[in-house]
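*Asks:* My structure is below; once you've seen it, I'll send some questions.
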Amino acid sequence: MPKKEFQHLLKKENQIGKINKMENIETVLKNSKTIAMIGVSSLKKKEDPKNLKRKPSTIVMKYMQDFGYKVIPVNPFAKDEIIHGEKVVGDLKDIKIEVDIVDVFRPSNESPEIAKQAAQIGAKTLWLQYGIQHEEAKKIASENNMNYFENLCIKQEYQKIFEKMNPVFPVLKK
């Protein structure tokens, strides 16, 4: 593509929008304590337990726990299992405490239903991980006054803002 086609990205109004988004992410992360993480992976039968540590959802869960967040894993196929010290719940409505962020590791087509459930439990933010985006979910979040982020990794955004680093997926602390 010719250089001119990218010039609009450098315009001041586009950069301001990006800055405001980062400030909003920072505010959300600073003011949140509890994350319901939908789609946290569990071990399959006969699967090597070491594989669990390599799954993105469990890496993100552990990382956010290491930085003080209460992360509640949500996975109907792993209900009542323990992942990183937390009991897995089968559904958002099974969570008995206030949820600040609903973080989604599920296919995009499931996100409108998840957005509805997040609104029903009073979540303040709907966060869709990398590769996940859906206009209807965005609309539902907006109609319910929720913050909405799509196609972003909560772990990487935390690292950019608070640790001033931009790694892809570093190995977890032991």
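Residue numbering restarts at 1 for every chain of the structure tokens, chains are lettered A, B, ... in their displayed order, and ligands are numbered from 1 as they appear.
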Quick one: everything within 10 Å of Lys55 in chain A, counting only C-alpha atoms, minus sequence neighbours fewer than 6 positions away in the same chain. Send it as a short mmCIF file (atom, residue, chain, number, x, y, z; two decimals) with C-alpha atoms, in the first residue's frame.

*Replies:*
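The result, written out as result_10.cif:
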data_model
loop_
_atom_site.label_atom_id
_atom_site.label_comp_id
_atom_site.auth_asym_id
_atom_site.auth_seq_id
_atom_site.Cartn_x
_atom_site.Cartn_y
_atom_site.Cartn_z
CA VAL A 40 -10.68 -20.89 31.14
CA SER A 41 -9.24 -24.17 29.95
CA SER A 42 -9.31 -27.30 32.03
#

*Asks:* From a DSSP pass on the backbone, collect the residues of range 34-130 of chain A flagged as alpha helix (DSSP H) and hand them back as a ChimeraX atom specification.

*Replies:* /A:56-66,111-120

*Asks:* Write the residues you've just listed into a file as an mmCIF file, in the first residue's frame, and include N, CA and C atoms for each of them.

*Replies:*
data_model
loop_
_atom_site.group_PDB
_atom_site.id
_atom_site.type_symbol
_atom_site.label_atom_id
_atom_site.label_comp_id
_atom_site.auth_asym_id
_atom_site.auth_seq_id
_atom_site.Cartn_x
_atom_site.Cartn_y
_atom_site.Cartn_z
ATOM 1 N N PRO A 56 -3.450 -20.244 26.777
ATOM 2 C CA PRO A 56 -3.531 -18.786 26.984
ATOM 3 C C PRO A 56 -4.468 -18.360 28.110
ATOM 4 N N SER A 57 -5.638 -18.969 28.203
ATOM 5 C CA SER A 57 -6.584 -18.533 29.236
ATOM 6 C C SER A 57 -6.029 -18.770 30.638
ATOM 7 N N THR A 58 -5.340 -19.879 30.842
ATOM 8 C CA THR A 58 -4.798 -20.142 32.182
ATOM 9 C C THR A 58 -3.572 -19.276 32.458
ATOM 10 N N ILE A 59 -2.818 -18.949 31.418
ATOM 11 C CA ILE A 59 -1.676 -18.036 31.588
ATOM 12 C C ILE A 59 -2.188 -16.656 32.014
ATOM 13 N N VAL A 60 -3.206 -16.177 31.322
ATOM 14 C CA VAL A 60 -3.774 -14.863 31.640
ATOM 15 C C VAL A 60 -4.388 -14.879 33.035
ATOM 16 N N MET A 61 -5.095 -15.946 33.372
ATOM 17 C CA MET A 61 -5.708 -16.057 34.700
ATOM 18 C C MET A 61 -4.650 -15.955 35.795
ATOM 19 N N LYS A 62 -3.593 -16.749 35.683
ATOM 20 C CA LYS A 62 -2.540 -16.760 36.700
ATOM 21 C C LYS A 62 -1.847 -15.402 36.788
ATOM 22 N N TYR A 63 -1.585 -14.802 35.649
ATOM 23 C CA TYR A 63 -0.924 -13.500 35.632
ATOM 24 C C TYR A 63 -1.752 -12.460 36.379
ATOM 25 N N MET A 64 -3.046 -12.392 36.068
ATOM 26 C CA MET A 64 -3.901 -11.402 36.717
ATOM 27 C C MET A 64 -4.023 -11.685 38.219
ATOM 28 N N GLN A 65 -4.031 -12.958 38.605
ATOM 29 C CA GLN A 65 -4.036 -13.301 40.029
ATOM 30 C C GLN A 65 -2.755 -12.798 40.695
ATOM 31 N N ASP A 66 -1.637 -12.980 40.011
ATOM 32 C CA ASP A 66 -0.345 -12.548 40.566
ATOM 33 C C ASP A 66 -0.311 -11.046 40.835
ATOM 34 N N SER A 111 -20.423 -14.248 21.973
ATOM 35 C CA SER A 111 -20.298 -13.042 22.796
ATOM 36 C C SER A 111 -21.585 -12.254 23.018
ATOM 37 N N PRO A 112 -22.563 -12.224 22.103
ATOM 38 C CA PRO A 112 -23.804 -11.511 22.447
ATOM 39 C C PRO A 112 -24.522 -12.129 23.660
ATOM 40 N N GLU A 113 -24.597 -13.430 23.717
ATOM 41 C CA GLU A 113 -25.237 -14.094 24.867
ATOM 42 C C GLU A 113 -24.444 -13.837 26.140
ATOM 43 N N ILE A 114 -23.127 -13.867 26.036
ATOM 44 C CA ILE A 114 -22.279 -13.581 27.195
ATOM 45 C C ILE A 114 -22.487 -12.128 27.642
ATOM 46 N N ALA A 115 -22.619 -11.210 26.683
ATOM 47 C CA ALA A 115 -22.864 -9.793 27.013
ATOM 48 C C ALA A 115 -24.175 -9.641 27.784
ATOM 49 N N LYS A 116 -25.195 -10.356 27.357
ATOM 50 C CA LYS A 116 -26.485 -10.313 28.071
ATOM 51 C C LYS A 116 -26.326 -10.813 29.500
ATOM 52 N N GLN A 117 -25.617 -11.923 29.668
ATOM 53 C CA GLN A 117 -25.401 -12.477 31.007
ATOM 54 C C GLN A 117 -24.569 -11.528 31.865
ATOM 55 N N ALA A 118 -23.562 -10.911 31.263
ATOM 56 C CA ALA A 118 -22.731 -9.948 32.000
ATOM 57 C C ALA A 118 -23.582 -8.776 32.496
ATOM 58 N N ALA A 119 -24.485 -8.316 31.641
ATOM 59 C CA ALA A 119 -25.382 -7.225 32.037
ATOM 60 C C ALA A 119 -26.304 -7.672 33.175
ATOM 61 N N GLN A 120 -26.805 -8.900 33.102
ATOM 62 C CA GLN A 120 -27.715 -9.416 34.135
ATOM 63 C C GLN A 120 -27.058 -9.492 35.508
#

*Asks:* Can you pull out every residue within 7 Å of Val104 in chain A, counting only C-alpha atoms, but drop anything in the same chain fewer than 3 positions away, and send it as a PyMOL selection string?

*Replies:* chain A and resi 37-39+127-129

*Asks:* For the selection just defined, write its residues with N, CA and C atoms to a file, as a PDB file, in the first residue's frame.

*Replies:*
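Dumped to out-v4.pdb:
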ATOM      1  N   MET A  37     -13.646 -15.010  34.280  1.00  0.00           N
ATOM      2  CA  MET A  37     -12.967 -15.366  33.046  1.00  0.00           C
ATOM      3  C   MET A  37     -13.683 -16.546  32.393  1.00  0.00           C
ATOM      4  N   ILE A  38     -14.392 -16.261  31.304  1.00  0.00           N
ATOM      5  CA  ILE A  38     -15.185 -17.283  30.635  1.00  0.00           C
ATOM      6  C   ILE A  38     -14.330 -18.012  29.611  1.00  0.00           C
ATOM      7  N   GLY A  39     -14.313 -19.338  29.744  1.00  0.00           N
ATOM      8  CA  GLY A  39     -13.565 -20.157  28.804  1.00  0.00           C
ATOM      9  C   GLY A  39     -12.187 -20.548  29.290  1.00  0.00           C
ATOM     10  N   TRP A 127     -14.937  -7.644  28.331  1.00  0.00           N
ATOM     11  CA  TRP A 127     -13.628  -7.640  27.688  1.00  0.00           C
ATOM     12  C   TRP A 127     -13.516  -8.878  26.815  1.00  0.00           C
ATOM     13  N   LEU A 128     -13.384  -8.682  25.501  1.00  0.00           N
ATOM     14  CA  LEU A 128     -13.233  -9.789  24.565  1.00  0.00           C
ATOM     15  C   LEU A 128     -11.766  -9.899  24.161  1.00  0.00           C
ATOM     16  N   GLN A 129     -11.182 -11.062  24.364  1.00  0.00           N
ATOM     17  CA  GLN A 129      -9.766 -11.299  24.111  1.00  0.00           C
ATOM     18  C   GLN A 129      -9.445 -11.223  22.615  1.00  0.00           C
TER      19      GLN A 129
END
